[in-house]
$ cat my_file.txt   # compact mmCIF, C-alpha atoms and all ligand atoms
# COMPACT_ATOMS: atom_id res chain seq x y z
CA MET E 1084 -27.94 -7.63 35.48
CA ASP E 1085 -30.61 -7.58 32.77
CA ASN E 1086 -31.13 -3.85 33.06
CA VAL E 1087 -27.43 -3.09 32.46
CA LYS E 1088 -26.93 -1.88 28.92
CA PRO E 1089 -24.02 -3.62 27.25
CA ILE E 1090 -21.27 -1.18 26.26
CA LYS E 1091 -20.99 -1.02 22.51
CA PRO E 1092 -17.55 -2.42 21.70
CA ILE E 1093 -15.21 -0.20 19.76
CA LYS E 1094 -14.73 -1.71 16.35
CA VAL E 1095 -11.14 -2.63 15.68
CA PRO E 1096 -10.14 -2.91 12.01
CA LYS E 1097 -9.53 -6.47 10.97
CA LEU E 1098 -6.60 -5.35 8.88
CA LEU E 1099 -4.16 -2.45 8.79
CA ILE E 1100 -1.93 -2.37 5.70
CA ILE E 1101 1.10 -0.11 5.64
CA GLY E 1102 2.43 0.36 2.13
CA VAL E 1103 6.12 1.18 1.85
CA ASP E 1104 7.10 2.18 -1.65
CA GLY E 1105 10.43 0.60 -2.56
CA GLY E 1106 10.67 -1.33 0.74
CA ASP E 1107 13.31 -3.99 0.23
CA TYR E 1108 13.05 -7.53 1.58
CA GLN E 1109 16.67 -7.90 2.65
CA SER E 1110 16.78 -4.51 4.39
CA PHE E 1111 13.56 -5.24 6.31
CA LEU E 1112 14.82 -8.68 7.29
CA GLU E 1113 17.88 -7.02 8.83
CA ASN E 1114 15.93 -4.12 10.42
CA LYS E 1115 12.45 -5.22 11.47
CA PRO E 1116 9.88 -2.84 13.02
CA SER E 1117 9.47 -5.27 15.95
CA PRO E 1118 10.28 -8.94 16.71
CA GLU E 1119 6.57 -9.90 16.39
CA PHE E 1120 6.71 -9.35 12.65
CA ASN E 1121 7.41 -12.22 10.33
CA CYS E 1122 9.25 -10.91 7.30
CA ASN E 1123 8.76 -12.81 4.06
CA LEU E 1124 9.84 -12.35 0.49
CA MET E 1125 7.23 -11.12 -1.96
CA TYR E 1126 8.02 -11.16 -5.67
CA SER E 1127 7.07 -8.18 -7.73
CA PHE E 1128 6.33 -9.52 -11.17
CA LYS E 1129 8.99 -9.76 -13.80
CA HIS E 1130 7.81 -7.33 -16.41
CA PRO E 1131 9.29 -4.84 -18.87
CA TYR E 1132 7.65 -2.03 -16.85
CA MET E 1133 8.62 -3.20 -13.40
CA VAL E 1134 7.75 0.11 -11.86
CA THR E 1135 5.68 1.63 -9.08
CA GLY E 1136 2.44 2.23 -11.01
CA ALA E 1137 2.20 -1.25 -12.52
CA ALA E 1138 3.19 -2.96 -9.27
CA TRP E 1139 0.69 -1.13 -7.03
CA SER E 1140 -2.09 -1.83 -9.58
CA SER E 1141 -1.31 -5.55 -9.36
CA LEU E 1142 -1.25 -5.38 -5.57
CA TYR E 1143 -4.59 -3.57 -5.43
CA SER E 1144 -6.31 -6.00 -7.81
CA GLY E 1145 -4.53 -9.36 -7.90
CA ILE E 1146 -4.28 -8.92 -11.66
CA LEU E 1147 -1.09 -9.31 -13.72
CA PRO E 1148 0.23 -6.16 -15.44
CA GLN E 1149 -0.28 -7.61 -18.92
CA ASN E 1150 -3.97 -7.89 -18.03
CA HIS E 1151 -4.59 -4.64 -16.14
CA LYS E 1152 -2.37 -2.70 -18.59
CA VAL E 1153 -1.48 0.04 -16.10
CA THR E 1154 2.17 0.07 -17.01
CA HIS E 1155 3.23 3.65 -16.65
CA THR E 1156 5.23 4.80 -13.64
CA TRP E 1157 2.87 7.65 -13.03
CA GLY E 1158 -0.30 5.69 -13.40
CA VAL E 1159 -1.58 8.21 -15.88
CA SER E 1160 -2.92 7.87 -19.34
CA VAL E 1161 -0.58 7.83 -22.33
CA PRO E 1162 -3.05 6.97 -25.10
CA ALA E 1163 -0.43 7.02 -27.87
CA GLU E 1164 1.40 4.20 -26.12
CA GLY E 1165 -1.76 2.30 -25.20
CA ARG E 1166 -1.19 2.93 -21.51
CA LYS E 1167 -4.06 3.34 -19.10
CA ASN E 1168 -4.42 4.73 -15.65
CA LEU E 1169 -5.94 2.74 -12.79
CA ILE E 1170 -9.46 4.11 -13.26
CA GLU E 1171 -9.49 3.61 -17.04
CA SER E 1172 -8.26 0.04 -16.61
CA GLY E 1173 -11.65 -0.84 -15.12
CA ILE E 1174 -10.12 -3.44 -12.81
CA THR E 1175 -11.71 -4.26 -9.48
CA THR E 1176 -9.55 -3.00 -6.64
CA PHE E 1177 -9.69 -4.53 -3.18
CA TRP E 1178 -11.45 -1.49 -1.74
CA GLN E 1179 -14.21 -1.72 -4.35
CA HIS E 1180 -14.61 -5.44 -3.69
CA LEU E 1181 -14.73 -4.92 0.09
CA ASN E 1182 -17.24 -2.08 -0.27
CA ARG E 1183 -19.49 -4.23 -2.46
CA HIS E 1184 -19.55 -6.75 0.37
CA GLY E 1185 -20.41 -4.17 3.00
CA LYS E 1186 -16.92 -3.63 4.44
CA THR E 1187 -15.67 -0.14 5.18
CA VAL E 1188 -12.25 1.18 4.17
CA GLU E 1189 -10.03 4.15 5.00
CA LEU E 1190 -7.30 4.84 2.44
CA VAL E 1191 -4.50 7.38 2.75
CA ASN E 1192 -1.97 8.22 0.06
CA LEU E 1193 -2.25 5.07 -2.06
CA PRO E 1194 -0.30 5.62 -5.31
CA LEU E 1195 -2.40 6.21 -8.47
CA THR E 1196 -5.61 7.02 -6.60
CA TYR E 1197 -6.06 10.51 -8.01
CA PRO E 1198 -8.70 11.73 -8.57
CA PRO E 1199 -10.31 10.38 -5.37
CA GLN E 1200 -13.05 7.79 -5.79
CA ALA E 1201 -16.37 7.61 -3.97
CA LEU E 1202 -16.32 4.80 -1.43
CA ASN E 1203 -17.67 3.74 1.92
CA ARG E 1204 -15.58 5.73 4.44
CA PHE E 1205 -12.80 7.80 2.90
CA MET E 1206 -9.94 8.16 0.44
CA ILE E 1207 -7.08 10.65 0.41
CA SER E 1208 -5.44 10.45 -3.02
CA GLY E 1209 -1.84 9.41 -3.53
CA PHE E 1210 0.61 10.54 -6.20
CA PRO E 1211 0.65 11.87 -8.83
CA VAL E 1212 -1.64 14.76 -8.00
CA PHE E 1213 -2.08 17.68 -10.35
CA ASP E 1214 -2.27 21.36 -9.48
CA HIS E 1215 -1.72 20.70 -5.81
CA LEU E 1216 -1.30 24.41 -5.09
CA ASP E 1217 -4.61 25.24 -6.73
CA PRO E 1218 -7.11 25.53 -3.85
CA ALA E 1219 -9.77 24.04 -6.12
CA THR E 1220 -7.88 20.76 -6.35
CA LYS E 1221 -9.68 18.07 -4.41
CA ILE E 1222 -7.73 15.07 -3.24
CA THR E 1223 -10.23 13.62 -0.78
CA TYR E 1224 -13.50 11.75 -0.81
CA PRO E 1225 -15.70 12.95 0.78
CA ASP E 1226 -15.03 16.69 0.97
CA THR E 1227 -15.34 16.62 4.75
CA VAL E 1228 -12.06 14.72 5.16
CA ARG E 1229 -9.63 16.87 7.12
CA LEU E 1230 -5.99 17.38 6.14
CA PRO E 1231 -3.16 18.62 8.37
CA ASP E 1232 -1.66 22.03 7.65
CA GLU E 1233 1.04 21.78 4.98
CA TYR E 1234 -0.34 18.47 3.68
CA MET E 1235 -0.94 19.81 0.16
CA LYS E 1236 2.42 21.53 0.06
CA TYR E 1237 4.29 18.31 0.74
CA LEU E 1238 2.53 15.78 -1.44
CA ASP E 1239 4.97 13.19 -2.69
CA VAL E 1240 4.88 13.82 -6.41
CA VAL E 1241 2.96 16.60 -7.97
CA PHE E 1242 2.59 18.16 -11.36
CA SER E 1243 1.47 21.69 -10.81
CA GLU E 1244 2.26 22.86 -14.32
CA THR E 1245 -0.66 21.32 -16.07
CA LYS E 1246 -4.09 19.86 -15.62
CA ASN E 1247 -3.41 17.56 -18.52
CA LEU E 1248 -3.33 14.01 -17.24
CA GLU E 1249 -0.74 13.04 -19.83
CA VAL E 1250 2.82 12.90 -18.57
CA THR E 1251 5.74 12.51 -20.90
CA ASN E 1252 9.09 10.91 -20.12
CA GLU E 1253 10.58 14.41 -20.10
CA SER E 1254 8.30 15.65 -17.33
CA ALA E 1255 9.00 12.50 -15.31
CA ILE E 1256 12.73 13.11 -15.62
CA ALA E 1257 12.18 16.78 -14.74
CA TRP E 1258 10.54 15.68 -11.50
CA ILE E 1259 13.60 13.63 -10.50
CA LYS E 1260 15.85 16.56 -11.44
CA ILE E 1261 13.92 18.89 -9.12
CA LEU E 1262 14.14 16.36 -6.33
CA VAL E 1263 17.91 15.96 -6.79
CA GLU E 1264 18.46 19.72 -6.85
CA GLU E 1265 16.36 20.18 -3.73
CA TYR E 1266 18.29 17.58 -1.79
CA GLN E 1267 21.87 17.94 -2.99
CA SER E 1268 22.80 20.72 -0.55
CA LYS E 1269 21.73 18.63 2.45
CA SER E 1270 23.33 15.75 4.34
CA THR E 1271 21.89 12.25 3.96
CA GLU E 1272 20.39 12.46 7.46
CA GLN E 1273 18.79 15.86 6.74
CA CYS E 1274 17.27 14.57 3.50
CA ILE E 1275 15.90 11.47 5.22
CA GLU E 1276 14.47 13.63 8.03
CA LEU E 1277 12.70 15.73 5.41
CA LEU E 1278 11.28 12.69 3.61
CA LEU E 1279 10.09 11.27 6.93
CA LYS E 1280 8.52 14.59 7.88
CA TYR E 1281 6.41 14.41 4.71
CA ALA E 1282 5.56 10.78 5.52
CA ARG E 1283 4.43 11.79 9.03
CA LEU E 1284 1.92 14.20 7.48
CA LYS E 1285 0.24 11.12 5.96
CA LEU E 1286 -0.01 9.52 9.40
CA ASP E 1287 -1.39 12.78 10.82
CA ALA E 1288 -4.04 12.80 8.07
CA LEU E 1289 -5.03 9.26 9.00
CA LYS E 1290 -5.20 10.13 12.72
CA LEU E 1291 -7.42 13.14 11.99
CA ASN E 1292 -9.99 11.01 10.17
CA HIS E 1293 -9.75 7.48 11.57
CA SER E 1294 -13.08 6.32 12.97
CA ASN E 1295 -14.45 3.40 14.95
CA ASP E 1296 -16.10 2.16 11.80
CA ALA E 1297 -13.34 0.82 9.59
CA ASP E 1298 -12.84 -2.79 8.54
CA LEU E 1299 -9.65 -2.14 6.60
CA VAL E 1300 -7.21 0.78 6.84
CA MET E 1301 -4.33 1.36 4.46
CA VAL E 1302 -1.73 4.11 4.39
CA CYS E 1303 1.29 4.38 2.06
CA TYR E 1304 4.66 5.98 2.76
CA MET E 1305 6.98 6.90 -0.08
CA ALA E 1306 10.21 7.86 1.73
CA ILE E 1307 12.29 4.80 0.84
CA ASP E 1308 11.58 5.03 -2.88
CA ARG E 1309 12.23 8.77 -2.88
CA ALA E 1310 15.51 8.29 -1.02
CA CYS E 1311 16.57 5.92 -3.80
CA HIS E 1312 15.72 8.36 -6.55
CA VAL E 1313 17.90 11.06 -5.06
CA GLY E 1314 20.72 8.59 -4.44
CA LEU E 1315 20.65 8.75 -0.64
CA LEU E 1316 20.87 5.02 -0.05
CA ASN E 1317 24.43 4.65 -1.25
CA SER E 1318 25.98 3.18 1.91
CA PRO E 1319 24.95 0.38 4.29
CA ALA E 1320 24.83 2.97 7.10
CA SER E 1321 22.33 5.18 5.24
CA VAL E 1322 20.14 2.15 4.43
CA THR E 1323 20.11 1.11 8.10
CA TYR E 1324 19.36 4.66 9.23
CA LEU E 1325 16.39 5.06 6.87
CA TYR E 1326 14.92 1.64 7.72
CA LYS E 1327 15.24 2.27 11.45
CA GLU E 1328 13.40 5.59 11.06
CA MET E 1329 10.79 3.99 8.79
CA ASN E 1330 10.26 1.29 11.40
CA LYS E 1331 9.51 3.93 14.05
CA LEU E 1332 6.89 5.37 11.70
CA ILE E 1333 5.40 1.90 11.15
CA MET E 1334 5.18 1.35 14.92
CA ASP E 1335 3.59 4.78 15.43
CA THR E 1336 1.02 3.91 12.76
CA ILE E 1337 0.16 0.68 14.58
CA LYS E 1338 -0.19 2.62 17.84
CA ALA E 1339 -2.52 5.14 16.17
CA VAL E 1340 -4.63 2.46 14.46
CA PRO E 1341 -4.66 -0.74 16.52
CA ALA E 1342 -5.90 -3.61 14.34
CA ASP E 1343 -6.36 -7.37 14.55
CA ASN E 1344 -3.74 -7.92 11.85
CA VAL E 1345 -1.00 -5.72 10.41
CA TRP E 1346 0.72 -6.17 7.06
CA VAL E 1347 3.58 -4.15 5.64
CA VAL E 1348 3.85 -4.45 1.86
CA SER E 1349 6.02 -2.91 -0.82
CA ASP E 1350 5.55 -2.58 -4.56
CA HIS E 1351 9.15 -3.56 -5.33
CA GLY E 1352 12.48 -3.58 -3.59
CA SER E 1353 15.34 -1.19 -4.09
CA ALA E 1354 19.10 -1.37 -4.27
CA GLY E 1355 20.51 2.12 -4.54
CA ILE E 1356 18.65 3.83 -7.35
CA GLU E 1357 17.70 0.50 -8.96
CA HIS E 1358 14.33 -1.15 -8.49
CA ARG E 1359 14.41 -4.83 -7.54
CA ILE E 1360 11.75 -7.52 -7.89
CA SER E 1361 12.23 -8.59 -4.28
CA SER E 1362 9.55 -6.68 -2.43
CA VAL E 1363 8.45 -7.48 1.10
CA PHE E 1364 5.50 -8.86 3.04
CA LEU E 1365 5.72 -8.35 6.81
CA HIS E 1366 2.88 -9.64 8.92
CA THR E 1367 1.70 -9.98 12.48
CA GLY E 1368 -1.68 -10.49 14.12
CA LYS E 1369 -4.15 -13.03 15.28
CA ASP E 1370 -4.96 -14.55 11.90
CA MET E 1371 -1.37 -14.66 10.67
CA ARG E 1372 1.07 -17.52 10.89
CA LYS E 1373 3.83 -17.15 13.46
CA ASP E 1374 7.43 -18.39 13.35
CA CYS E 1375 7.84 -18.22 9.59
CA ASP E 1376 10.31 -15.36 9.49
CA GLY E 1377 12.27 -15.40 6.24
CA LYS E 1378 10.85 -18.80 5.23
CA LEU E 1379 7.93 -18.03 2.94
CA THR E 1380 7.42 -16.45 -0.45
CA LEU E 1381 4.37 -15.05 -2.17
CA ASP E 1382 3.64 -12.98 -5.24
CA ILE E 1383 2.44 -9.39 -5.36
CA ILE E 1384 -0.76 -10.57 -7.13
CA ASP E 1385 -1.57 -12.74 -4.08
CA ILE E 1386 -2.16 -9.78 -1.75
CA ALA E 1387 -5.71 -8.98 -2.96
CA PRO E 1388 -6.74 -12.68 -2.68
CA ALA E 1389 -5.16 -12.71 0.81
CA ILE E 1390 -7.36 -9.76 1.82
CA TYR E 1391 -10.48 -11.52 0.48
CA TYR E 1392 -9.55 -14.70 2.33
CA LEU E 1393 -9.08 -12.80 5.58
CA PHE E 1394 -12.51 -11.19 5.18
CA ASP E 1395 -14.10 -14.45 4.07
CA LEU E 1396 -15.15 -13.03 0.70
CA PRO E 1397 -15.36 -14.79 -2.65
CA LEU E 1398 -12.66 -13.87 -5.17
CA PRO E 1399 -13.74 -11.67 -8.08
CA VAL E 1400 -14.06 -13.54 -11.37
CA LEU E 1401 -11.19 -11.71 -13.07
CA ILE E 1402 -8.15 -12.29 -10.89
CA ASP E 1403 -4.74 -13.87 -11.51
CA GLY E 1404 -3.48 -14.18 -7.93
CA LEU E 1405 -4.10 -17.05 -5.54
CA VAL E 1406 -4.78 -17.10 -1.82
CA PRO E 1407 -1.36 -17.47 -0.13
CA TYR E 1408 -2.59 -19.94 2.53
CA GLN E 1409 0.98 -20.34 3.78
CA VAL E 1410 0.95 -16.92 5.48
CA PHE E 1411 -2.17 -17.61 7.53
CA GLU E 1412 -2.43 -19.40 10.82
CA LYS E 1413 -2.69 -23.13 10.24
CA SER E 1414 -6.02 -23.52 12.00
CA ARG E 1415 -7.67 -21.18 9.50
CA VAL E 1416 -6.33 -23.23 6.59
CA GLU E 1417 -7.70 -26.33 8.26
CA VAL E 1418 -11.07 -24.61 8.69
CA ASP E 1419 -11.01 -23.80 4.99
CA GLN E 1420 -10.11 -27.35 4.02
CA LEU E 1421 -12.89 -28.63 6.25
CA LYS E 1422 -15.36 -26.28 4.56
CA LEU E 1423 -14.23 -27.54 1.15
CA LYS E 1424 -14.49 -31.17 2.26
CA THR E 1425 -17.99 -30.61 3.59
CA ALA E 1426 -19.04 -28.88 0.38
CA LEU E 1427 -17.59 -31.65 -1.79
CA SER E 1428 -19.20 -34.39 0.26
CA SER E 1429 -22.57 -32.64 0.20
CA LEU E 1430 -22.26 -32.66 -3.59
CA GLY E 1431 -21.47 -36.35 -3.50
CA TYR E 1432 -17.87 -36.04 -4.77
CA ILE E 1433 -16.25 -37.62 -1.71
ZN ZN Q 1501 7.88 2.33 -6.18

$ encode --input "my_file.txt" --output "structure tokens" --more "lines below"
Ligand SMILES: [Zn+2]
Amino acid sequence: MDNVKPIKPIKVPKLLIIGVDGGDYQSFLENKPSPEFNCNLMYSFKHPYMVTGAAWSSLYSGILPQNHKVTHTWGVSVPAEGRKNLIESGITTFWQHLNRHGKTVELVNLPLTYPPQALNRFMISGFPVFDHLDPATKITYPDTVRLPDEYMKYLDVVFSETKNLEVTNESAIAWIKILVEEYQSKSTEQCIELLLKYARLKLDALKLNHSNDADLVMVCYMAIDRACHVGLLNSPASVTYLYKEMNKLIMDTIKAVPADNVWVVSDHGSAGIEHRISSVFLHTGKDMRKDCDGKLTLDIIDIAPAIYYLFDLPLPVLIDGLVPYQVFEKSRVEVDQLKLKTALSSLGYI
């Protein structure tokens, strides 16, 4: 058999993360994508700016909002108020850390990632994006990334009026007003269908570009948060309907990108139009602990350390989160403890 060439195995990503903006713990516990998922409570930080931009920045970096200082909803710069965007903050995001350690990433529609950053594999920017109808606007790195037809037209939040990266409260409110006006003539189901149609374009973009060379893949869907802003989630029936549809999208994403482990994370929860600090961490896969549904808690700043632990990487020096060992399979924790014991004994401590 020596002359038989081994077939090169297809590389399966070690981790697929599906970001669900505004995904609420309680609603996911009641409507899970599939029984294999363990659904646990993740706390978004308690902070005066407990909003999307600050929360995603903490999730990406493991750094508390008072330290990364990205506090604005839109993730853009408001110098007069001392607010920074993600890039200006200079914090190390998980994709930068993974890249530095030779791991490849594919990122689709992560909030605050405009303009796109150079990295090993690809990035399709998430909201807010400016001048989306200007053909010169680039939202991908590299340029060769392909986008489905209509992708640019249906970006989640866009400011086409100005190239100025400063956004005032007035323009933020104007965005919500446009959204409300657009949706008020439609039924709840029609509005949700529309939001999910836009979300499916993100999955299509991922499918078009996904390769056999990714260690980590992450895609974000904004439909739940947007449904809250236009007041669609005002009855238990509408909440159930949206979560059931979102769960189908989650399962389709897993089918399109099979991975060793799958996590579903949200930046914060939502109750009607209110944001809540109870976000969600759903997990399944070979490295993840089983039979802990509804029993565990972790903090949003623990997600980046969890990624580094899964990939066996050291934590960056500047990080506030801790590895949430409780979500991992016990044997891996034991392996870690054994490693620590060995290291301590080799140093003569024990
Ligand atoms: Zn949000």

$ residues_near_ligand --input "my_file.txt" --ligand "ligand ZN 1501 (chain Q)" --cutoff "7 Å" --atoms "only C-alpha atoms and all ligand atoms" --output "PDB file with C-alpha atoms, in the coordinates of the input"
ATOM      1  CA  ASP E1104       7.100   2.180  -1.650  1.00  0.00           C
ATOM      2  CA  GLY E1105      10.430   0.600  -2.560  1.00  0.00           C
ATOM      3  CA  VAL E1134       7.750   0.110 -11.860  1.00  0.00           C
ATOM      4  CA  THR E1135       5.680   1.630  -9.080  1.00  0.00           C
ATOM      5  CA  ASP E1308      11.580   5.030  -2.880  1.00  0.00           C
ATOM      6  CA  ASP E1350       5.550  -2.580  -4.560  1.00  0.00           C
ATOM      7  CA  HIS E1351       9.150  -3.560  -5.330  1.00  0.00           C
TER       8      HIS E1351
END

$ closest_residue --input "my_file.txt" --among "E:Leu1379, E:Leu1396, E:Ile1307, E:Val1348" --to "Arg1183 of chain E" --atoms "only C-alpha atoms"
E:Leu1396

$ atom_distance --input "my_file.txt" --atom1 "atom CA of Ile1170 of chain E" --atom2 "atom CA of Ser1144 of chain E"
11.9 Å

$ residues_near_point --input "my_file.txt" --point "(7.8, 1.0, -11.2)" --cutoff "12 Å" --atoms "only C-alpha atoms" --output "ChimeraX atom specification"
/E:1104-1105,1127-1141,1148,1153-1158,1194-1195,1308,1312,1349-1353,1356-1360,1362

$ closest_residue --input "my_file.txt" --among "E:Leu1299, E:Leu1169, E:Leu1230, E:Leu1315" --to "Gln1200 of chain E" --atoms "all atoms listed in the file"
E:Leu1169

$ closest_residue --input "my_file.txt" --among "E:Leu1277, E:Ile1333, E:Leu1405, E:Ile1433" --to "Tyr1391 of chain E" --atoms "all atoms listed in the file"
E:Leu1405
